[in-house]
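Data file: protein18.txt. Format and content: compact mmCIF, C-alpha atoms and all ligand atoms.
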```
# COMPACT_ATOMS: atom_id res chain seq x y z
CA MET O 11 0.00 0.00 0.00
CA THR O 12 1.43 3.38 -0.98
CA LYS O 13 1.11 5.96 1.73
CA ASN O 14 0.39 9.55 0.89
CA ALA O 15 2.65 12.01 2.65
CA ASN O 16 -0.23 14.50 2.70
CA ASP O 17 -2.72 12.06 4.22
CA SER O 18 -4.75 14.39 6.44
CA SER O 19 -5.32 11.71 9.11
CA LYS O 20 -1.56 11.50 9.62
CA SER O 21 -0.42 15.04 8.91
CA ALA O 22 -0.53 15.97 12.59
CA SER O 23 1.52 12.93 13.59
CA PRO O 24 4.98 13.55 14.96
CA THR O 25 7.74 12.44 12.65
CA LEU O 26 9.38 9.14 13.55
CA ARG O 27 12.78 10.61 12.65
CA SER O 28 13.48 7.43 10.75
CA HIS O 29 16.38 8.93 8.75
CA TYR O 30 17.95 10.38 11.86
CA TRP O 31 17.79 7.04 13.64
CA LEU O 32 18.87 5.04 10.62
CA ASN O 33 21.96 7.27 10.27
CA HIS O 34 22.68 6.88 13.95
CA PHE O 35 22.50 3.07 13.96
CA ARG O 36 24.48 2.78 10.71
CA LYS O 37 27.24 5.03 12.07
CA ASN O 38 27.26 3.31 15.43
CA LEU O 39 27.70 -0.02 13.69
CA GLU O 40 30.95 1.30 12.21
CA ARG O 41 32.23 2.43 15.62
CA SER O 42 34.93 0.07 16.78
CA PRO O 43 34.45 -0.65 20.45
CA SER O 44 37.62 -0.43 22.49
CA ILE O 45 37.51 -3.96 23.84
CA ASP O 46 40.83 -5.72 24.13
CA TRP O 47 39.89 -9.37 23.77
CA ASP O 48 43.45 -10.41 24.55
CA ARG O 49 42.84 -9.42 28.15
CA LYS O 50 42.23 -12.12 30.68
CA ALA O 51 38.80 -12.40 32.32
CA ALA O 52 39.46 -11.61 35.97
CA LEU O 53 36.21 -13.03 37.40
CA THR O 54 36.43 -16.68 38.39
CA LEU O 55 33.81 -19.36 38.86
CA SER O 56 35.16 -20.14 42.31
CA ASP O 57 35.16 -16.59 43.71
CA ASP O 58 32.49 -14.81 41.68
CA ALA O 59 29.85 -17.48 41.09
CA ARG O 60 26.89 -15.25 42.00
CA VAL O 61 27.97 -12.35 39.80
CA ILE O 62 28.72 -14.73 36.91
CA ARG O 63 25.28 -16.28 37.31
CA SER O 64 23.83 -12.79 37.08
CA ILE O 65 25.84 -12.01 33.92
CA GLN O 66 24.54 -15.27 32.41
CA SER O 67 20.96 -14.02 32.86
CA TRP O 68 21.68 -10.65 31.29
CA GLN O 69 23.56 -12.33 28.45
CA LEU O 70 20.51 -14.44 27.68
CA GLY O 71 18.31 -11.33 27.89
CA GLU O 72 20.45 -9.60 25.25
CA THR O 73 19.91 -12.39 22.71
CA SER O 74 16.73 -12.33 20.71
CA ASP O 75 15.92 -12.82 17.05
CA GLY O 76 13.62 -9.79 17.30
CA ALA O 77 10.75 -11.50 15.43
CA HIS O 78 8.07 -10.09 17.75
CA LEU O 79 9.58 -6.64 17.63
CA LEU O 80 9.64 -6.65 13.85
CA GLN O 81 5.98 -7.68 13.71
CA ALA O 82 5.06 -4.98 16.25
CA THR O 83 7.06 -2.47 14.18
CA ARG O 84 5.15 -3.31 11.00
CA ASP O 85 1.82 -2.81 12.81
CA PHE O 86 3.10 0.44 14.32
CA LEU O 87 4.21 1.76 10.92
CA ASP O 88 0.79 0.98 9.41
CA HIS O 89 -0.66 3.48 11.88
CA TYR O 90 2.04 6.08 12.30
CA SER O 91 4.28 6.16 9.26
CA GLN O 92 3.58 8.93 6.79
CA SER O 93 5.33 7.47 3.77
CA ASP O 94 6.75 4.24 2.37
CA ASP O 95 10.22 5.75 2.61
CA GLU O 96 9.72 6.44 6.31
CA SER O 97 8.47 2.88 6.87
CA LYS O 98 11.40 1.35 5.02
CA SER O 99 13.97 3.41 6.94
CA TYR O 100 12.30 2.76 10.27
CA LEU O 101 12.13 -0.99 9.70
CA GLU O 102 15.83 -1.05 8.82
CA THR O 103 16.51 1.04 11.93
CA VAL O 104 14.77 -1.52 14.12
CA GLN O 105 16.73 -4.33 12.45
CA LEU O 106 19.97 -2.50 13.31
CA PHE O 107 18.72 -1.96 16.87
CA ILE O 108 18.19 -5.74 17.18
CA ARG O 109 21.70 -6.27 15.79
CA GLU O 110 23.15 -4.03 18.51
CA GLU O 111 21.35 -5.99 21.20
CA GLN O 112 22.68 -9.21 19.69
CA LYS O 113 26.18 -7.70 19.76
CA HIS O 114 25.77 -7.11 23.51
CA GLY O 115 24.70 -10.73 23.92
CA GLU O 116 27.65 -11.97 21.84
CA ASN O 117 30.21 -9.87 23.76
CA LEU O 118 28.88 -11.00 27.12
CA GLY O 119 28.83 -14.56 25.73
CA ARG O 120 32.50 -14.30 24.75
CA TYR O 121 33.23 -13.09 28.26
CA LEU O 122 31.41 -16.08 29.76
CA ASP O 123 33.35 -18.38 27.40
CA LYS O 124 36.60 -16.94 28.73
CA VAL O 125 35.45 -17.41 32.31
CA GLY O 126 34.45 -20.99 31.52
CA ALA O 127 30.76 -20.41 32.27
CA ASP O 128 27.90 -21.62 30.07
CA ARG O 129 25.76 -19.39 27.91
CA ILE O 130 22.50 -20.40 29.56
CA LYS O 131 19.36 -21.16 27.58
CA PHE O 132 16.76 -20.55 30.31
CA ASP O 133 16.22 -17.99 33.02
CA LEU O 134 12.95 -17.40 34.86
CA GLY O 135 13.09 -13.59 34.69
CA ASP O 136 14.05 -13.63 31.02
CA SER O 137 11.23 -16.09 30.21
CA ALA O 138 8.68 -13.92 32.03
CA PHE O 139 9.84 -10.84 30.14
CA ARG O 140 9.73 -12.66 26.78
CA LEU O 141 6.24 -13.96 27.59
CA VAL O 142 4.95 -10.43 28.27
CA ARG O 143 6.41 -9.21 24.99
CA SER O 144 4.95 -12.12 23.02
CA LEU O 145 1.48 -11.67 24.57
CA PHE O 146 1.38 -7.95 23.84
CA THR O 147 2.31 -7.19 20.27
CA ASN O 148 1.32 -3.57 20.79
CA MET O 149 4.34 -1.39 20.13
CA GLU O 150 3.71 0.94 23.07
CA ILE O 151 3.70 -1.90 25.59
CA TRP O 152 6.71 -3.44 23.91
CA SER O 153 8.61 -0.13 24.02
CA ALA O 154 7.59 0.63 27.60
CA SER O 155 8.72 -2.79 28.81
CA VAL O 156 12.05 -2.33 27.00
CA LEU O 157 12.40 1.19 28.41
CA MET O 158 12.06 -0.23 31.92
CA VAL O 159 14.52 -3.07 31.35
CA GLU O 160 17.04 -0.83 29.54
CA THR O 161 16.87 1.64 32.42
CA MET O 162 17.80 -1.27 34.69
CA ALA O 163 20.53 -2.23 32.22
CA GLN O 164 22.09 1.24 32.46
CA ILE O 165 22.42 0.90 36.23
CA TYR O 166 23.50 -2.73 36.04
CA TYR O 167 26.30 -2.34 33.46
CA LYS O 168 27.52 0.84 35.16
CA ALA O 169 27.75 -1.07 38.45
CA LEU O 170 29.73 -3.89 36.78
CA ARG O 171 31.98 -1.38 35.03
CA ASP O 172 32.61 0.59 38.22
CA SER O 173 33.25 -2.50 40.32
CA GLY O 174 36.87 -2.37 39.08
CA ARG O 175 37.03 -6.17 39.26
CA CYS O 176 37.84 -6.87 35.64
CA GLU O 177 39.24 -4.59 32.90
CA LEU O 178 37.79 -6.69 30.11
CA LEU O 179 34.31 -6.68 31.65
CA SER O 180 34.55 -2.90 32.17
CA GLU O 181 35.34 -2.41 28.49
CA ILE O 182 32.41 -4.60 27.44
CA CYS O 183 30.08 -2.68 29.78
CA THR O 184 31.33 0.70 28.54
CA ASP O 185 30.51 -0.31 24.97
CA ILE O 186 27.02 -1.46 25.99
CA LEU O 187 26.40 1.77 27.93
CA ILE O 188 27.26 3.88 24.86
CA ASP O 189 24.65 1.99 22.82
CA GLU O 190 22.01 1.93 25.56
CA ALA O 191 21.93 5.72 26.00
CA PHE O 192 20.63 5.98 22.42
CA HIS O 193 18.35 2.96 22.75
CA LEU O 194 16.58 4.66 25.62
CA LYS O 195 16.11 7.87 23.67
CA PHE O 196 14.76 5.80 20.78
CA GLN O 197 12.20 4.07 23.08
CA CYS O 198 11.19 7.39 24.67
CA GLU O 199 10.40 8.94 21.31
CA ARG O 200 8.30 5.95 20.30
CA ILE O 201 6.31 5.89 23.54
CA GLY O 202 5.87 9.66 23.17
CA THR O 203 4.19 9.05 19.79
CA TYR O 204 1.33 7.35 21.65
CA TYR O 205 1.45 9.35 24.86
CA GLY O 206 1.35 12.75 23.15
CA LYS O 207 -2.02 11.94 21.57
CA ARG O 208 -3.74 11.26 24.91
CA SER O 209 -5.89 13.46 27.12
CA ILE O 210 -4.44 14.69 30.42
CA PRO O 211 -6.37 12.09 32.52
CA ALA O 212 -5.28 9.31 30.14
CA ARG O 213 -1.65 10.46 30.39
CA PHE O 214 -1.90 10.42 34.17
CA ALA O 215 -3.34 6.88 34.07
CA THR O 216 -0.60 5.73 31.66
CA LYS O 217 2.20 7.12 33.79
CA THR O 218 0.69 5.67 36.97
CA LEU O 219 0.34 2.23 35.38
CA TYR O 220 3.94 2.26 34.13
CA GLN O 221 5.25 3.40 37.51
CA PHE O 222 3.37 0.52 39.12
CA LEU O 223 4.87 -2.01 36.66
CA TYR O 224 8.31 -0.46 37.04
CA THR O 225 8.16 -0.89 40.82
CA GLY O 226 7.67 -4.63 40.23
CA ILE O 227 10.53 -4.79 37.73
CA ILE O 228 13.07 -2.99 39.90
CA SER O 229 12.11 -5.12 42.89
CA ALA O 230 12.62 -8.31 40.86
CA VAL O 231 15.92 -7.04 39.42
CA TRP O 232 17.28 -6.22 42.87
CA ILE O 233 16.26 -9.62 44.24
CA GLY O 234 17.87 -11.44 41.31
CA HIS O 235 21.00 -9.33 40.83
CA HIS O 236 21.82 -7.49 44.04
CA HIS O 237 25.23 -9.17 44.29
CA ALA O 238 26.30 -7.53 41.04
CA PHE O 239 24.96 -4.11 42.09
CA GLN O 240 26.72 -4.41 45.42
CA GLN O 241 29.98 -5.16 43.60
CA GLY O 242 29.63 -1.73 42.03
CA GLY O 243 29.15 -0.21 45.47
CA LEU O 244 25.37 0.24 45.27
CA SER O 245 23.32 -0.36 48.40
CA PHE O 246 19.60 -1.09 48.05
CA LYS O 247 18.89 2.59 48.80
CA ASP O 248 21.37 3.76 46.12
CA PHE O 249 19.90 1.32 43.63
CA TRP O 250 16.31 2.36 44.36
CA ARG O 251 17.14 6.08 44.07
CA ALA O 252 19.12 5.62 40.85
CA SER O 253 16.31 3.52 39.37
CA TRP O 254 13.69 6.21 39.91
CA ARG O 255 15.95 9.13 39.02
CA LYS O 256 16.72 7.53 35.67
CA PHE O 257 13.16 6.41 34.97
CA LEU O 258 11.70 9.85 35.70
CA GLY O 259 14.42 11.43 33.56
CA HIS O 260 13.46 9.16 30.68
CA TRP O 261 9.80 9.87 31.26
CA ARG O 262 10.47 13.61 30.89
CA GLN O 263 11.70 12.76 27.39
CA VAL O 264 8.48 10.81 26.73
CA GLU O 265 6.48 13.84 27.87
CA GLY O 266 8.64 16.28 25.93
CA PRO O 267 7.24 18.02 22.89
CA PRO O 268 6.81 15.61 19.97
CA VAL O 269 9.14 16.16 17.04
CA HIS O 270 7.08 17.31 14.07
CA ALA O 271 7.93 17.26 10.40
CA SER O 272 8.75 20.99 10.52
CA ASP O 273 11.48 20.19 13.07
CA PHE O 274 12.85 17.42 10.90
CA GLN O 275 15.71 19.29 9.25
CA ARG O 276 16.85 20.66 12.59
CA ASN O 277 16.87 17.23 14.17
CA GLU O 278 18.54 15.35 11.36
CA GLY O 279 21.94 16.68 12.25
FE FE L 1 21.50 -4.32 25.30
FE FE L 2 19.34 -1.77 24.50
```
When written as structure tokens, how does the structure in this file appear?
Ligand SMILES: [Fe+2]
Ligand SMILES: [Fe+2]
Amino acid sequence: MTKNANDSSKSASPTLRSHYWLNHFRKNLERSPSIDWDRKAALTLSDDARVIRSIQSWQLGETSDGAHLLQATRDFLDHYSQSDDESKSYLETVQLFIREEQKHGENLGRYLDKVGADRIKFDLGDSAFRLVRSLFTNMEIWSASVLMVETMAQIYYKALRDSGRCELLSEICTDILIDEAFHLKFQCERIGTYYGKRSIPARFATKTLYQFLYTGIISAVWIGHHHAFQQGGLSFKDFWRASWRKFLGHWRQVEGPPVHASDFQRNEG
């Protein structure tokens, strides 16, 4: 189906900034991460079993073929894209986003290989998260759940990096953190596409619902991974504060003014 760029039902829609994001992901793919794979992995199965178990879970979480996301993206574009060109660019953008996540999974997997730990195939938390995403193909729910988990990821990888236990792990985490900052901005813009169209009471209800779900997620993440956070010097109080500070910061981006086509040139740079 050919979309008309002047379709009146879509003319008020914010732009998806598909070219901006496609350029970003293409350029980021060319960035060579400064990871020295000749380094030795300093964590050991005998001394760091609980942290390694935690890394195994996150490694599994970073591996996905992205099939559900691609389907959700196609449905999303049917409603929000204003042209075939925008749809094509956005779909490629999402494919590159999936590739970056797979890169995180592969790098953590290589680290586990060096440590002599398995790349696990099952984790309860990961299965629950995948189930939620497969049950809800709606792009907003998908993006919101990823926003919550990626916010956790920012705190998690920063804690591992700052633990100072292993140079190689720090380099892997630094590379992931560079990517994740943009992933979060990408999710915020997409959630904002839905959020910006709602009435004030509906926005309040949306934010309240997401805060409720986020409380559950951060509680589960602390229970499952507190050893890793503590390695980075985070107490439960530090973790809880950082979790909300980051989430509310991201939510301000969701609530920010939508980017319209007239802003497009300005935002392409
Ligand atoms: Fe990731
Ligand atoms: Fe990510």
O:Phe192, O:Tyr100, O:Tyr121, O:Trp152 ranked by distance to ligand FE 1 (chain L), top pick (using all atoms listed in the file): O:Phe192
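Environment of ligand FE 2 (chain L), defined as every protein or nucleic acid residue with an atom within 8 Å of it and counting all atoms listed in the file, comprises O:Glu72, O:Phe107, O:Glu110, O:Glu111, O:Val156, O:Glu160, O:Ala163, O:Ile186, O:Asp189, O:Glu190, O:His193, O:Leu194.
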With a cut-off of 9 Å, could you pull out the residues of range 97-187 of chain O touching range 250-261 of chain O and give me the nearest pair of atoms for each, distance in Å to one decimal, using only C-alpha atoms, ordered by chain and ascending number, as a tab-separated table?
```
residue	atom	partner	partner_atom	distance
O:Leu157	CA	O:His260	CA	8.4
O:Met158	CA	O:Phe257	CA	7.4
O:Thr161	CA	O:Phe257	CA	6.6
O:Met162	CA	O:Ser253	CA	6.9
O:Gln164	CA	O:Lys256	CA	8.9
O:Ile165	CA	O:Ser253	CA	7.4
```
Could those selected residues go to a file with C-alpha atoms, as a PDB file, in the coordinates of the input?
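This went into part30.pdb:
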```
ATOM      1  CA  LEU O 157      12.400   1.190  28.410  1.00  0.00           C
ATOM      2  CA  MET O 158      12.060  -0.230  31.920  1.00  0.00           C
ATOM      3  CA  THR O 161      16.870   1.640  32.420  1.00  0.00           C
ATOM      4  CA  MET O 162      17.800  -1.270  34.690  1.00  0.00           C
ATOM      5  CA  GLN O 164      22.090   1.240  32.460  1.00  0.00           C
ATOM      6  CA  ILE O 165      22.420   0.900  36.230  1.00  0.00           C
TER       7      ILE O 165
END
```
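In this model, the gap between CA of Ala169 in chain O and CA of Phe239 in chain O comes to 5.5 Å.
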For CA of Ser42 in chain O and CA of His114 in chain O, the interatomic separation in Å (one decimal): 13.4 Å
Spatial neighbours of Leu87 in chain O, 9 Å, all atoms listed in the file, chain gap at least 3 places, as a ChimeraX atom specification: /O:82-84,90-92,96-97,100-101
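Of the residues listed (O:His78, O:Arg109, O:Arg208, O:Arg49), O:Arg109 shows the shortest atom-to-atom separation from ligand FE 1 (chain L); distances use all atoms listed in the file.
Across O:Thr103, O:Ser144, O:Thr54, O:Thr184, the tightest approach to ligand FE 1 (chain L) is made by O:Thr184 when counting all atoms listed in the file.
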Sel. within 9 Å of pt (14.7, 8.9, 12.2), counting all atoms listed in the file, output as a VMD selection string: chain O and resid 25 to 34 96 99 to 100 103 274 277 to 278
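Considering the residues O:Arg129, O:Arg175, O:Lys168, O:His89 and counting all atoms listed in the file, Met149 in chain O has its shortest atom-to-atom contact with O:His89.
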Within 7 Å of Ser67 in chain O using all atoms listed in the file, minus same-chain residues under 4 positions, as a ChimeraX atom specification: /O:63,71,133
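With all atoms listed in the file as the atoms that count, the residue of O:Leu178, O:Val125, O:Ile201, O:Ala77 with the shortest distance to Ser56 in chain O is O:Val125.
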Atomic distance CA of Phe132 in chain O - CA of Gly119 in chain O, expressed in Å with one decimal: 14.2 Å
Among the residues O:Gln197, O:Ser155, O:Ser137, O:Ser173, the one that comes closest to Leu223 in chain O [using only C-alpha atoms]: O:Ser155
Starting from the sparse input, extend range 75-105 of chain O to N, CA and C atoms and give the output as a compact mmCIF listing (two decimals), in the coordinates of the input.
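Result saved to result13.txt:
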```txt
# COMPACT_ATOMS: atom_id res chain seq x y z
N ASP O 75 15.92 -12.97 18.52
CA ASP O 75 15.92 -12.82 17.05
C ASP O 75 15.09 -11.60 16.63
N GLY O 76 14.34 -11.03 17.59
CA GLY O 76 13.62 -9.79 17.30
C GLY O 76 12.36 -9.99 16.47
N ALA O 77 11.91 -11.25 16.29
CA ALA O 77 10.75 -11.50 15.43
C ALA O 77 9.50 -10.76 15.91
N HIS O 78 9.26 -10.78 17.23
CA HIS O 78 8.07 -10.09 17.75
C HIS O 78 8.18 -8.59 17.57
N LEU O 79 9.39 -8.08 17.79
CA LEU O 79 9.58 -6.64 17.63
C LEU O 79 9.34 -6.22 16.19
N LEU O 80 9.81 -7.02 15.25
CA LEU O 80 9.64 -6.65 13.85
C LEU O 80 8.17 -6.67 13.46
N GLN O 81 7.42 -7.64 14.00
CA GLN O 81 5.98 -7.68 13.71
C GLN O 81 5.28 -6.46 14.32
N ALA O 82 5.65 -6.14 15.58
CA ALA O 82 5.06 -4.98 16.25
C ALA O 82 5.41 -3.70 15.48
N THR O 83 6.62 -3.66 14.94
CA THR O 83 7.06 -2.47 14.18
C THR O 83 6.22 -2.30 12.92
N ARG O 84 5.96 -3.41 12.23
CA ARG O 84 5.15 -3.31 11.00
C ARG O 84 3.75 -2.78 11.32
N ASP O 85 3.15 -3.29 12.42
CA ASP O 85 1.82 -2.81 12.81
C ASP O 85 1.87 -1.32 13.17
N PHE O 86 2.92 -0.95 13.90
CA PHE O 86 3.10 0.44 14.32
C PHE O 86 3.21 1.36 13.09
N LEU O 87 3.99 0.93 12.11
CA LEU O 87 4.21 1.76 10.92
C LEU O 87 2.93 1.92 10.11
N ASP O 88 2.07 0.87 10.12
CA ASP O 88 0.79 0.98 9.41
C ASP O 88 -0.03 2.14 9.96
N HIS O 89 0.12 2.42 11.25
CA HIS O 89 -0.66 3.48 11.88
C HIS O 89 0.04 4.83 11.89
N TYR O 90 1.35 4.81 12.02
CA TYR O 90 2.04 6.08 12.30
C TYR O 90 2.97 6.57 11.20
N SER O 91 3.36 5.70 10.29
CA SER O 91 4.28 6.16 9.26
C SER O 91 3.55 7.01 8.23
N GLN O 92 4.23 8.03 7.75
CA GLN O 92 3.58 8.93 6.79
C GLN O 92 4.02 8.69 5.36
N SER O 93 4.93 7.78 5.16
CA SER O 93 5.33 7.47 3.77
C SER O 93 6.00 6.10 3.73
N ASP O 94 6.07 5.54 2.52
CA ASP O 94 6.75 4.24 2.37
C ASP O 94 8.23 4.37 2.70
N ASP O 95 8.79 5.53 2.33
CA ASP O 95 10.22 5.75 2.61
C ASP O 95 10.47 5.76 4.12
N GLU O 96 9.57 6.40 4.85
CA GLU O 96 9.72 6.44 6.31
C GLU O 96 9.61 5.03 6.89
N SER O 97 8.66 4.25 6.38
CA SER O 97 8.47 2.88 6.87
C SER O 97 9.71 2.03 6.62
N LYS O 98 10.24 2.16 5.39
CA LYS O 98 11.40 1.35 5.02
C LYS O 98 12.60 1.69 5.93
N SER O 99 12.83 2.98 6.11
CA SER O 99 13.97 3.41 6.94
C SER O 99 13.77 2.96 8.39
N TYR O 100 12.55 3.08 8.86
CA TYR O 100 12.30 2.76 10.27
C TYR O 100 12.48 1.26 10.52
N LEU O 101 12.00 0.46 9.55
CA LEU O 101 12.13 -0.99 9.70
C LEU O 101 13.61 -1.38 9.72
N GLU O 102 14.38 -0.76 8.84
CA GLU O 102 15.83 -1.05 8.82
C GLU O 102 16.47 -0.60 10.14
N THR O 103 16.00 0.54 10.65
CA THR O 103 16.51 1.04 11.93
C THR O 103 16.28 0.01 13.04
N VAL O 104 15.08 -0.54 13.07
CA VAL O 104 14.77 -1.52 14.12
C VAL O 104 15.61 -2.78 13.95
N GLN O 105 15.86 -3.15 12.68
CA GLN O 105 16.73 -4.33 12.45
C GLN O 105 18.15 -4.07 12.98
```
